[in-house]
Amino acid sequence: MLRGAEERSYGHGQLRALLRRRQLAEEATTRSARDPLITYARAIRSPTAQRGRCRSCPLHPHEVLGPLSRLAIADPPALTGAIEGGLHLLQGPAPGPQPCESCTGQTVADLLAMVALLEQHAKETLREAYHVILDVPGVVP
């Protein structure tokens, strides 16, 4: 019911863009709330000790992906900058304690998934708003 009122107020295209931004925010929130997958064979002493080490890790998904959910709604251009910042964090030596493999692997996978989702949303928005088709089967850019 409310969606119909919002659509009449903002228009169909704007509402779809807002819904995509909300989906990005929800995805970032979900991914940042998960604990990294701990490989127990490589855990330092015990799974509990490894979880404690992961919580202080500078590349924990919560540290890198946490700000993305707010930016997806409030400032979409800053969202791409924050994703780039996360990718740059992975390239160089991290500040503070040495990052663990569990956090690094999970953060890489989550950032790649966020980039893919952001790219998909950008293509859909361009297709709907400007009738631009970016993926043409059989054509290599």
# chains A, B, ... in the order shown; residues from 1 in each chain; ligands from 1
$ residues_around --residues "Ala129 of chain A" --least-positions-apart "4" --cutoff "10 Å" --atoms "only C-alpha atoms" --output "list in words"
Gly13, Gln14, Ala17, Lys123, Glu124 and Thr125 of chain A
$ residues_around --residues "segment 62-69 of chain A" --least-positions-apart "5" --cutoff "8 Å" --atoms "only C-alpha atoms" --output "PDB file with C-alpha atoms, in the first residue's frame"
ATOM      1  CA  LEU A  24      22.889  -2.661  -1.162  1.00  0.00           C
ATOM      2  CA  ALA A  25      22.620  -1.384   2.421  1.00  0.00           C
ATOM      3  CA  GLU A  26      20.943  -4.595   3.606  1.00  0.00           C
ATOM      4  CA  GLU A  27      23.566  -6.725   1.866  1.00  0.00           C
ATOM      5  CA  ALA A  28      26.403  -4.753   3.488  1.00  0.00           C
ATOM      6  CA  THR A  29      24.726  -5.014   6.902  1.00  0.00           C
ATOM      7  CA  ARG A  31      27.776  -9.392   5.367  1.00  0.00           C
ATOM      8  CA  SER A  32      29.357  -7.211   8.062  1.00  0.00           C
ATOM      9  CA  ALA A  33      27.400  -8.945  10.839  1.00  0.00           C
ATOM     10  CA  ARG A  34      28.750 -12.421  10.044  1.00  0.00           C
ATOM     11  CA  LEU A  79      30.007   4.049  -1.348  1.00  0.00           C
ATOM     12  CA  ALA A  82      34.603   3.171   0.565  1.00  0.00           C
ATOM     13  CA  ILE A  83      34.696  -0.063  -1.441  1.00  0.00           C
ATOM     14  CA  GLY A  86      38.559  -1.540   1.458  1.00  0.00           C
ATOM     15  CA  THR A 107      36.524  -9.660   3.505  1.00  0.00           C
ATOM     16  CA  LEU A 111      33.957  -6.948  -1.152  1.00  0.00           C
TER      17      LEU A 111
END
$ atom_distance --atom1 "atom CA of His60 of chain A" --atom2 "atom CA of Val115 of chain A"
17.7 Å
$ residues_around --residues "Pro58 of chain A" --least-positions-apart "2" --cutoff "12 Å" --atoms "only C-alpha atoms" --output "list of chain:residue names"
A:Arg53, A:Cys54, A:Arg55, A:Ser56, A:His60, A:Pro61, A:His62, A:Glu63, A:Val64, A:Leu65, A:Gly86, A:Leu89, A:Leu90, A:Pro93, A:Ala94, A:Pro95, A:Gly96, A:Pro97, A:Gln98, A:Pro99, A:Cys100, A:Glu101, A:Ser102, A:Cys103, A:Thr104, A:Thr107
$ residues_around --residues "Arg21 of chain A" --least-positions-apart "2" --cutoff "6 Å" --atoms "only C-alpha atoms" --output "PyMOL selection string"
chain A and resi 18-19+23-24+72-73
$ closest_residue --among "A:Leu59, A:Leu87, A:Ala74, A:Ala122" --to "Gln106 of chain A" --atoms "only C-alpha atoms"
A:Leu59
$ closest_residue --among "A:Gly92, A:Pro36, A:Arg20, A:Leu126" --to "Ala109 of chain A" --atoms "only C-alpha atoms"
A:Pro36
$ atom_distance --atom1 "atom CA of Arg16 of chain A" --atom2 "atom CA of Glu128 of chain A"
9.3 Å
$ atom_distance --atom1 "atom CA of Leu71 of chain A" --atom2 "atom CA of Arg127 of chain A"
23.3 Å
$ closest_residue --among "A:Gln120, A:Val108, A:Asp75, A:Cys57" --to "His88 of chain A" --atoms "only C-alpha atoms"
A:Val108
$ decode --residues "segment 95-122 of chain A" --atoms "N, CA and C atoms" --output "PDB file, in the first residue's frame"
ATOM      1  N   PRO A  95      47.325  -1.749   9.261  1.00  0.00           N
ATOM      2  CA  PRO A  95      47.811  -1.150  10.502  1.00  0.00           C
ATOM      3  C   PRO A  95      47.463  -2.027  11.693  1.00  0.00           C
ATOM      4  N   GLY A  96      48.280  -1.969  12.706  1.00  0.00           N
ATOM      5  CA  GLY A  96      47.995  -2.718  13.924  1.00  0.00           C
ATOM      6  C   GLY A  96      48.404  -4.174  13.810  1.00  0.00           C
ATOM      7  N   PRO A  97      47.636  -5.044  14.448  1.00  0.00           N
ATOM      8  CA  PRO A  97      47.997  -6.469  14.443  1.00  0.00           C
ATOM      9  C   PRO A  97      47.914  -7.065  13.043  1.00  0.00           C
ATOM     10  N   GLN A  98      48.666  -8.111  12.852  1.00  0.00           N
ATOM     11  CA  GLN A  98      48.689  -8.800  11.563  1.00  0.00           C
ATOM     12  C   GLN A  98      47.315  -9.427  11.296  1.00  0.00           C
ATOM     13  N   PRO A  99      46.717  -9.168  10.134  1.00  0.00           N
ATOM     14  CA  PRO A  99      45.398  -9.744   9.847  1.00  0.00           C
ATOM     15  C   PRO A  99      45.473 -11.262   9.702  1.00  0.00           C
ATOM     16  N   CYS A 100      44.398 -11.917  10.126  1.00  0.00           N
ATOM     17  CA  CYS A 100      44.368 -13.373  10.030  1.00  0.00           C
ATOM     18  C   CYS A 100      43.789 -13.801   8.683  1.00  0.00           C
ATOM     19  N   GLU A 101      44.037 -15.043   8.305  1.00  0.00           N
ATOM     20  CA  GLU A 101      43.583 -15.561   7.015  1.00  0.00           C
ATOM     21  C   GLU A 101      42.063 -15.607   6.922  1.00  0.00           C
ATOM     22  N   SER A 102      41.404 -15.941   8.032  1.00  0.00           N
ATOM     23  CA  SER A 102      39.944 -16.051   8.006  1.00  0.00           C
ATOM     24  C   SER A 102      39.301 -14.711   7.672  1.00  0.00           C
ATOM     25  N   CYS A 103      39.750 -13.655   8.343  1.00  0.00           N
ATOM     26  CA  CYS A 103      39.176 -12.331   8.107  1.00  0.00           C
ATOM     27  C   CYS A 103      39.504 -11.831   6.708  1.00  0.00           C
ATOM     28  N   THR A 104      40.747 -12.035   6.287  1.00  0.00           N
ATOM     29  CA  THR A 104      41.155 -11.558   4.971  1.00  0.00           C
ATOM     30  C   THR A 104      40.347 -12.238   3.872  1.00  0.00           C
ATOM     31  N   GLY A 105      40.221 -13.550   3.958  1.00  0.00           N
ATOM     32  CA  GLY A 105      39.467 -14.290   2.950  1.00  0.00           C
ATOM     33  C   GLY A 105      38.014 -13.895   2.898  1.00  0.00           C
ATOM     34  N   GLN A 106      37.396 -13.748   4.074  1.00  0.00           N
ATOM     35  CA  GLN A 106      35.980 -13.379   4.123  1.00  0.00           C
ATOM     36  C   GLN A 106      35.770 -11.960   3.600  1.00  0.00           C
ATOM     37  N   THR A 107      36.659 -11.044   3.950  1.00  0.00           N
ATOM     38  CA  THR A 107      36.524  -9.660   3.505  1.00  0.00           C
ATOM     39  C   THR A 107      36.704  -9.550   1.994  1.00  0.00           C
ATOM     40  N   VAL A 108      37.667 -10.289   1.445  1.00  0.00           N
ATOM     41  CA  VAL A 108      37.862 -10.284  -0.010  1.00  0.00           C
ATOM     42  C   VAL A 108      36.599 -10.784  -0.704  1.00  0.00           C
ATOM     43  N   ALA A 109      36.058 -11.904  -0.244  1.00  0.00           N
ATOM     44  CA  ALA A 109      34.848 -12.458  -0.859  1.00  0.00           C
ATOM     45  C   ALA A 109      33.671 -11.491  -0.741  1.00  0.00           C
ATOM     46  N   ASP A 110      33.524 -10.860   0.420  1.00  0.00           N
ATOM     47  CA  ASP A 110      32.408  -9.933   0.621  1.00  0.00           C
ATOM     48  C   ASP A 110      32.554  -8.681  -0.230  1.00  0.00           C
ATOM     49  N   LEU A 111      33.763  -8.135  -0.327  1.00  0.00           N
ATOM     50  CA  LEU A 111      33.957  -6.948  -1.152  1.00  0.00           C
ATOM     51  C   LEU A 111      33.713  -7.251  -2.632  1.00  0.00           C
ATOM     52  N   LEU A 112      34.162  -8.403  -3.088  1.00  0.00           N
ATOM     53  CA  LEU A 112      33.916  -8.780  -4.483  1.00  0.00           C
ATOM     54  C   LEU A 112      32.418  -8.944  -4.751  1.00  0.00           C
ATOM     55  N   ALA A 113      31.707  -9.517  -3.793  1.00  0.00           N
ATOM     56  CA  ALA A 113      30.257  -9.664  -3.947  1.00  0.00           C
ATOM     57  C   ALA A 113      29.572  -8.299  -3.956  1.00  0.00           C
ATOM     58  N   MET A 114      30.027  -7.375  -3.127  1.00  0.00           N
ATOM     59  CA  MET A 114      29.450  -6.031  -3.116  1.00  0.00           C
ATOM     60  C   MET A 114      29.736  -5.300  -4.426  1.00  0.00           C
ATOM     61  N   VAL A 115      30.933  -5.464  -4.979  1.00  0.00           N
ATOM     62  CA  VAL A 115      31.268  -4.839  -6.263  1.00  0.00           C
ATOM     63  C   VAL A 115      30.377  -5.409  -7.366  1.00  0.00           C
ATOM     64  N   ALA A 116      30.174  -6.720  -7.367  1.00  0.00           N
ATOM     65  CA  ALA A 116      29.313  -7.340  -8.380  1.00  0.00           C
ATOM     66  C   ALA A 116      27.874  -6.845  -8.257  1.00  0.00           C
ATOM     67  N   LEU A 117      27.376  -6.716  -7.026  1.00  0.00           N
ATOM     68  CA  LEU A 117      26.015  -6.236  -6.818  1.00  0.00           C
ATOM     69  C   LEU A 117      25.890  -4.765  -7.230  1.00  0.00           C
ATOM     70  N   LEU A 118      26.891  -3.967  -6.907  1.00  0.00           N
ATOM     71  CA  LEU A 118      26.883  -2.559  -7.299  1.00  0.00           C
ATOM     72  C   LEU A 118      26.910  -2.420  -8.817  1.00  0.00           C
ATOM     73  N   GLU A 119      27.709  -3.245  -9.489  1.00  0.00           N
ATOM     74  CA  GLU A 119      27.769  -3.216 -10.951  1.00  0.00           C
ATOM     75  C   GLU A 119      26.428  -3.619 -11.565  1.00  0.00           C
ATOM     76  N   GLN A 120      25.809  -4.648 -11.005  1.00  0.00           N
ATOM     77  CA  GLN A 120      24.501  -5.083 -11.499  1.00  0.00           C
ATOM     78  C   GLN A 120      23.465  -3.970 -11.346  1.00  0.00           C
ATOM     79  N   HIS A 121      23.455  -3.306 -10.189  1.00  0.00           N
ATOM     80  CA  HIS A 121      22.501  -2.224  -9.962  1.00  0.00           C
ATOM     81  C   HIS A 121      22.754  -1.050 -10.904  1.00  0.00           C
ATOM     82  N   ALA A 122      24.018  -0.741 -11.154  1.00  0.00           N
ATOM     83  CA  ALA A 122      24.331   0.364 -12.074  1.00  0.00           C
ATOM     84  C   ALA A 122      23.841   0.042 -13.482  1.00  0.00           C
TER      85      ALA A 122
END
